[in-house]
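To keep things clear, I will list the structure first and then write my remarks on it.
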Amino acid sequence: MLANAILHPLSWRQLPTKIGRLANSTADTTRLFSSRVTAADAAQCLMETFSNTSITRRQVLDANQLQKLSLTLGRRELGGNDISEIPPPEGTPIPPGWHLAYFTPGGLESKLGPDGTDRMCNAPEPFSRRMWAGGSMTWLAHAGCDSTNPALRVGDEVEERTQLLSATPKTSRNGDDMVLVDVEKRFSGPRGLSIIDQRSWIFRPKPAPALSQPTRPQAKNDHQRSHITIVSSSGDDVSDTDDRPEGVPSWHLRWSPVGLFRFSALTFNAHMIHYNENWTTNVEGHPGELVHGPLNLINILNYWGDVHGKQALPQHITYRALSPIYAGELYEIKTTSVQNGEERKEWEITAEKNGKICMKANILGTVS
């Protein structure tokens, strides 16, 4: 595999210095971060520093990484090949959303945030608590490529170009300051620009120590295995403005701590809320390890491909994370509506637990 190459005129790690200037003090800037630096200050500094900066990395999309992701997702077959023991051959298409297993974070452990997150696109202190909020993906068509033969394939050398789009101060429902950071990643391979991937993160102030032990999910059992079950549906809860579909199945999913750890390791994601129970419960106050936002997104895209797309390539997806899902919790991915346009369809797909929407996605495609 080719080594990642990072080419950028400014380092993301210049932020603490710039924020220190915002604090306008030569004293303990760490103390000033938590007491004086506002979300507006942090957002302004991010934009001033990185609005005209891009980060470029290059990588070969290797078969081993794709195999390990497929096995983590419980899928033993990929591209018509059994990959349980042997990685897929060169030229195997990268399924929609699976590019998230590539271009993983780098850097030494000493450079990570206190919660294990990489700091390349992070807001500065005190806004160190990162959550994946949502985003969008667009798949571009190329000559010679179709739904079963997309533009990114195993063995391709691909370039990822990352740029900060915006940093916006926000206020949470309980009145706390936070920073919304929007980043765009463009992936280009041998056949040209293939994916435009926009991601949104929310950065909140670091949490106060949890005052009480949170209640773990009732379904929590460290000996349970991750699983996906296909459940038949009469279509009663699916609305369609033109053709009301019948028999649209839903998926029931449950992720174990082991499954979440495997996904964290595969994506080199050291964010401790996904695998460190002590940190998750005693520091951040969650009842258990959190299912990754990207993992839910990939599952939604897999559901769409299996149920609606028949392994086709979508054109566009927008998605939003609304509520966390924890290890051991049973949840459902289902189709809630289908809109039939003149040239393409739009599917609304949700991930829900106990009737509460945890992630909502809208997918555009041309499947008949």
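By order of appearance in the structure tokens: chains A, B, ..., then residues from 1 within every chain, and ligands from 1 in the order shown.
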
Residues near Asp177 of chain A, cut-off 10 Å, only C-alpha atoms, skip fewer than 6 positions along chain, as a compact mmCIF listing (two decimals) with all heavy atoms, in the first residue's frame:
# COMPACT_ATOMS: atom_id res chain seq x y z
N THR A 38 -15.25 31.43 23.59
CA THR A 38 -16.62 31.07 23.26
C THR A 38 -16.66 30.24 21.98
O THR A 38 -15.66 30.11 21.25
CB THR A 38 -17.48 32.32 23.07
OG1 THR A 38 -17.01 33.01 21.89
CG2 THR A 38 -17.39 33.23 24.29
N ALA A 39 -17.83 29.70 21.68
CA ALA A 39 -18.01 28.96 20.43
C ALA A 39 -17.77 29.88 19.23
O ALA A 39 -17.21 29.45 18.21
CB ALA A 39 -19.41 28.38 20.38
N ALA A 40 -18.17 31.13 19.34
CA ALA A 40 -17.93 32.09 18.25
C ALA A 40 -16.44 32.31 18.04
O ALA A 40 -15.97 32.41 16.90
CB ALA A 40 -18.64 33.40 18.55
N PHE A 127 -13.84 22.94 23.39
CA PHE A 127 -14.85 22.21 22.60
C PHE A 127 -14.24 20.91 22.07
O PHE A 127 -14.00 20.76 20.87
CB PHE A 127 -15.39 23.10 21.49
CG PHE A 127 -15.99 24.37 22.00
CD1 PHE A 127 -15.25 25.54 22.02
CD2 PHE A 127 -17.27 24.40 22.51
CE1 PHE A 127 -15.79 26.72 22.51
CE2 PHE A 127 -17.82 25.56 23.02
CZ PHE A 127 -17.08 26.73 23.02
N PRO A 169 -20.86 28.81 15.24
CA PRO A 169 -21.25 28.69 16.66
C PRO A 169 -22.73 28.36 16.77
O PRO A 169 -23.56 28.91 16.06
CB PRO A 169 -20.93 30.07 17.23
CG PRO A 169 -21.00 31.00 16.05
CD PRO A 169 -20.54 30.19 14.87
N LYS A 170 -23.05 27.46 17.67
CA LYS A 170 -24.43 27.04 17.89
C LYS A 170 -24.71 27.00 19.39
O LYS A 170 -23.80 27.02 20.21
CB LYS A 170 -24.68 25.65 17.28
CG LYS A 170 -24.55 25.59 15.76
CD LYS A 170 -25.73 26.23 15.07
CE LYS A 170 -25.67 26.03 13.57
NZ LYS A 170 -26.85 26.62 12.88
N THR A 171 -26.00 26.92 19.71
CA THR A 171 -26.43 26.75 21.09
C THR A 171 -27.30 25.51 21.18
O THR A 171 -28.24 25.35 20.39
CB THR A 171 -27.22 27.98 21.58
OG1 THR A 171 -26.42 29.16 21.44
CG2 THR A 171 -27.60 27.82 23.05
N PHE A 203 -19.11 19.87 18.13
CA PHE A 203 -18.12 19.87 19.20
C PHE A 203 -18.69 20.61 20.40
O PHE A 203 -19.04 21.78 20.31
CB PHE A 203 -16.82 20.53 18.73
CG PHE A 203 -16.11 19.76 17.66
CD1 PHE A 203 -16.35 20.02 16.32
CD2 PHE A 203 -15.20 18.77 17.99
CE1 PHE A 203 -15.70 19.30 15.33
CE2 PHE A 203 -14.55 18.05 17.01
CZ PHE A 203 -14.80 18.31 15.68
N ARG A 204 -18.80 19.88 21.49
CA ARG A 204 -19.31 20.44 22.75
C ARG A 204 -18.18 20.58 23.76
O ARG A 204 -17.14 19.93 23.63
CB ARG A 204 -20.40 19.52 23.33
CG ARG A 204 -21.57 19.25 22.39
CD ARG A 204 -22.54 18.27 23.03
NE ARG A 204 -23.60 17.86 22.12
CZ ARG A 204 -24.75 18.51 21.98
NH1 ARG A 204 -24.98 19.58 22.73
NH2 ARG A 204 -25.67 18.09 21.13
N PRO A 205 -18.38 21.39 24.80
CA PRO A 205 -17.36 21.47 25.85
C PRO A 205 -17.16 20.12 26.50
O PRO A 205 -18.05 19.27 26.54
CB PRO A 205 -17.95 22.48 26.84
CG PRO A 205 -18.90 23.29 26.03
CD PRO A 205 -19.48 22.35 25.01

Could you name the residues that touch Glu90 of chain A at 8 Å or less, counting only C-alpha atoms, but leaving out those on the same chain fewer than 4 positions away, as an mmCIF file with N, CA, C and O atoms, in the first residue's frame?
data_model
loop_
_atom_site.group_PDB
_atom_site.id
_atom_site.type_symbol
_atom_site.label_atom_id
_atom_site.label_comp_id
_atom_site.auth_asym_id
_atom_site.auth_seq_id
_atom_site.Cartn_x
_atom_site.Cartn_y
_atom_site.Cartn_z
ATOM 1 N N ALA A 63 -7.402 -4.821 -0.809
ATOM 2 C CA ALA A 63 -8.438 -5.839 -0.633
ATOM 3 C C ALA A 63 -8.587 -6.251 0.823
ATOM 4 O O ALA A 63 -9.690 -6.583 1.268
ATOM 5 N N ARG A 153 -12.603 0.981 -7.112
ATOM 6 C CA ARG A 153 -12.474 -0.467 -7.077
ATOM 7 C C ARG A 153 -11.201 -0.857 -6.335
ATOM 8 O O ARG A 153 -10.271 -0.052 -6.204
ATOM 9 N N VAL A 154 -11.176 -2.092 -5.870
ATOM 10 C CA VAL A 154 -9.992 -2.608 -5.202
ATOM 11 C C VAL A 154 -8.790 -2.505 -6.136
ATOM 12 O O VAL A 154 -8.867 -2.868 -7.313
ATOM 13 N N GLY A 155 -7.685 -1.987 -5.607
ATOM 14 C CA GLY A 155 -6.469 -1.817 -6.395
ATOM 15 C C GLY A 155 -6.289 -0.424 -6.947
ATOM 16 O O GLY A 155 -5.191 -0.096 -7.434
#

TODO: Could you give me, as a VMD selection string, the residues within 8 Å of Pro88 of chain A, counting only C-alpha atoms and dropping anything in the same chain fewer than 2 positions from it?
DONE: chain A and resid 63 to 64 66 to 67 78 to 79 81 to 83 86 90 92 154

Task: Point-to-point distance in Å for atom CA of Glu160 of chain A and atom CA of Tyr303 of chain A - done: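 So the answer is 26.2 Å.
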
Task: Who sits within 8 Å of Arg199 of chain A, only C-alpha atoms, same chain under 6 positions skipped, as a ChimeraX atom specification - done: /A:132-136,182-184

Open item on the list: Considering only alpha helix (DSSP H) as DSSP defines it on the backbone, what residues of segment 31-155 of chain A qualify? List them as a list in words.
Closed with: Arg31, Leu32, Phe33, Ser34, Ser35, Arg36, Ala39, Ala40, Asp41, Ala42, Ala43, Gln44, Cys45, Leu46, Met47, Glu48, Thr49, Phe50, Ala63, Asn64, Gln65, Leu66, Gln67, Lys68, Leu69, Ser70, Leu71 and Thr72 of chain A

With N, CA, C and O atoms retained, write the just-selected residues as a short mmCIF file (atom, residue, chain, number, x, y, z; two decimals), in the first residue's frame.
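The result, stored in result.cif:
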data_model
loop_
_atom_site.label_atom_id
_atom_site.label_comp_id
_atom_site.auth_asym_id
_atom_site.auth_seq_id
_atom_site.Cartn_x
_atom_site.Cartn_y
_atom_site.Cartn_z
N ARG A 31 -6.63 27.27 31.22
CA ARG A 31 -7.68 27.78 32.10
C ARG A 31 -8.56 28.76 31.35
O ARG A 31 -9.79 28.76 31.48
N LEU A 32 -7.95 29.58 30.51
CA LEU A 32 -8.73 30.58 29.79
C LEU A 32 -9.62 29.94 28.73
O LEU A 32 -10.69 30.45 28.42
N PHE A 33 -9.15 28.80 28.14
CA PHE A 33 -10.00 28.12 27.17
C PHE A 33 -11.37 27.86 27.75
O PHE A 33 -12.40 28.12 27.14
N SER A 34 -11.40 27.31 28.97
CA SER A 34 -12.67 26.87 29.54
C SER A 34 -13.48 28.03 30.08
O SER A 34 -14.68 27.89 30.26
N SER A 35 -12.85 29.18 30.33
CA SER A 35 -13.59 30.26 30.98
C SER A 35 -13.90 31.42 30.06
O SER A 35 -14.84 32.16 30.31
N ARG A 36 -13.12 31.60 28.98
CA ARG A 36 -13.30 32.80 28.19
C ARG A 36 -13.51 32.55 26.71
O ARG A 36 -14.11 33.38 26.04
N ALA A 39 -17.83 29.70 21.68
CA ALA A 39 -18.01 28.96 20.43
C ALA A 39 -17.77 29.88 19.23
O ALA A 39 -17.21 29.45 18.21
N ALA A 40 -18.17 31.13 19.34
CA ALA A 40 -17.93 32.09 18.25
C ALA A 40 -16.44 32.31 18.04
O ALA A 40 -15.97 32.41 16.90
N ASP A 41 -15.67 32.40 19.14
CA ASP A 41 -14.22 32.55 19.02
C ASP A 41 -13.61 31.35 18.30
O ASP A 41 -12.80 31.51 17.38
N ALA A 42 -13.99 30.16 18.74
CA ALA A 42 -13.42 28.95 18.16
C ALA A 42 -13.78 28.83 16.68
O ALA A 42 -12.94 28.47 15.85
N ALA A 43 -15.03 29.11 16.34
CA ALA A 43 -15.46 29.02 14.94
C ALA A 43 -14.73 30.04 14.07
O ALA A 43 -14.29 29.73 12.96
N GLN A 44 -14.58 31.25 14.58
CA GLN A 44 -13.89 32.29 13.82
C GLN A 44 -12.44 31.90 13.57
O GLN A 44 -11.91 32.08 12.47
N CYS A 45 -11.80 31.35 14.60
CA CYS A 45 -10.41 30.95 14.45
C CYS A 45 -10.25 29.83 13.43
O CYS A 45 -9.33 29.85 12.61
N LEU A 46 -11.14 28.86 13.46
CA LEU A 46 -11.10 27.78 12.48
C LEU A 46 -11.20 28.31 11.06
O LEU A 46 -10.45 27.92 10.17
N MET A 47 -12.14 29.21 10.83
CA MET A 47 -12.35 29.74 9.49
C MET A 47 -11.18 30.60 9.04
O MET A 47 -10.73 30.53 7.88
N GLU A 48 -10.65 31.43 9.92
CA GLU A 48 -9.53 32.29 9.56
C GLU A 48 -8.29 31.47 9.22
O GLU A 48 -7.50 31.84 8.36
N THR A 49 -8.14 30.35 9.91
CA THR A 49 -6.93 29.55 9.72
C THR A 49 -7.03 28.61 8.52
O THR A 49 -6.06 28.43 7.79
N PHE A 50 -8.20 28.04 8.26
CA PHE A 50 -8.28 26.94 7.31
C PHE A 50 -9.25 27.14 6.16
O PHE A 50 -9.48 26.22 5.39
N ALA A 63 -7.40 -4.82 -0.81
CA ALA A 63 -8.44 -5.84 -0.63
C ALA A 63 -8.59 -6.25 0.82
O ALA A 63 -9.69 -6.58 1.27
N ASN A 64 -7.51 -6.25 1.59
CA ASN A 64 -7.57 -6.71 2.97
C ASN A 64 -8.51 -5.83 3.81
O ASN A 64 -9.30 -6.34 4.60
N GLN A 65 -8.41 -4.53 3.63
CA GLN A 65 -9.27 -3.62 4.39
C GLN A 65 -10.74 -3.84 4.04
O GLN A 65 -11.61 -3.83 4.92
N LEU A 66 -11.02 -4.05 2.77
CA LEU A 66 -12.41 -4.27 2.34
C LEU A 66 -12.93 -5.60 2.90
O LEU A 66 -14.09 -5.70 3.33
N GLN A 67 -12.09 -6.63 2.89
CA GLN A 67 -12.49 -7.92 3.44
C GLN A 67 -12.84 -7.79 4.92
O GLN A 67 -13.87 -8.29 5.37
N LYS A 68 -12.00 -7.11 5.68
CA LYS A 68 -12.22 -6.99 7.13
C LYS A 68 -13.49 -6.19 7.42
O LYS A 68 -14.23 -6.51 8.36
N LEU A 69 -13.78 -5.17 6.63
CA LEU A 69 -15.03 -4.42 6.82
C LEU A 69 -16.23 -5.32 6.53
O LEU A 69 -17.21 -5.34 7.28
N SER A 70 -16.17 -6.09 5.43
CA SER A 70 -17.28 -6.95 5.07
C SER A 70 -17.55 -7.98 6.16
O SER A 70 -18.71 -8.24 6.52
N LEU A 71 -16.50 -8.55 6.73
CA LEU A 71 -16.68 -9.53 7.80
C LEU A 71 -17.22 -8.88 9.07
O LEU A 71 -18.03 -9.48 9.79
N THR A 72 -16.78 -7.67 9.36
CA THR A 72 -17.30 -6.94 10.52
C THR A 72 -18.80 -6.71 10.37
O THR A 72 -19.55 -6.75 11.34
#

Open item on the list: Between A:Lys334, A:Lys206, A:His316, A:His308, which residue has the minimum interatomic distance to His252 of chain A, considering only C-alpha atoms?
Closed with: A:Lys334

TODO: For Ile202 of chain A, please output as a VMD selection string all residues within 8 Å (counting only C-alpha atoms; exclusion window: fewer than 3 positions along the same chain).
DONE: chain A and resid 129 to 133 178 to 181

Task: Proximity to Leu330 of chain A - best of A:Thr138, A:Asn354, A:Asn299, A:Gln163, only C-alpha atoms - done: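 Checking each candidate against Leu330 of chain A, we get A:Asn354 as the closest.
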
Please tabulate, as a tab-separated table, the residues of segment 281-366 of chain A that come within 12 Å of segment 258-272 of chain A, each with its closest pair of atoms and the distance in Å to one decimal, counting only C-alpha atoms and ordering rows by chain, then residue number upward.
residue	atom	partner	partner_atom	distance
A:Thr281	CA	A:Met272	CA	10.6
A:Asn282	CA	A:Met272	CA	11.8
A:Val283	CA	A:Met272	CA	10.4
A:Glu284	CA	A:Met272	CA	9.9
A:His286	CA	A:Met272	CA	11.7
A:Gly288	CA	A:Met272	CA	11.1
A:Glu289	CA	A:Leu260	CA	8.1
A:Leu290	CA	A:Leu260	CA	8.1
A:Val291	CA	A:Leu260	CA	6.6
A:His292	CA	A:Leu260	CA	7.5
A:Gly293	CA	A:Leu260	CA	11.2
A:Pro294	CA	A:Phe263	CA	9.7
A:Leu295	CA	A:Phe263	CA	7.8
A:Asn296	CA	A:Leu260	CA	11.2
A:Ile298	CA	A:Phe263	CA	11.5
A:Ile325	CA	A:Leu260	CA	11.5
A:Tyr326	CA	A:Leu260	CA	9.8
A:Ala327	CA	A:Leu260	CA	7.6
A:Gly328	CA	A:Gly259	CA	10.3

Open item on the list: Nearest residue to Leu165 of chain A out of A:Leu112, A:Arg191, A:Phe103, A:Ser51, using only C-alpha atoms?
Closed with: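 Smallest distance to Leu165 of chain A is found for A:Ser51.
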
Open item on the list: Report, in Å to a single decimal, how far apart atom CA of Lys310 of chain A and atom CA of Lys353 of chain A are.
Closed with: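 Distance between the two atoms: 25.7 Å.
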
TODO: Could you check which of A:Leu140, A:Leu152, A:Leu108, A:Leu73 is closest to Ile300 of chain A, using only C-alpha atoms?
DONE: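 Counting only C-alpha atoms, the residue closest to Ile300 of chain A is A:Leu73.
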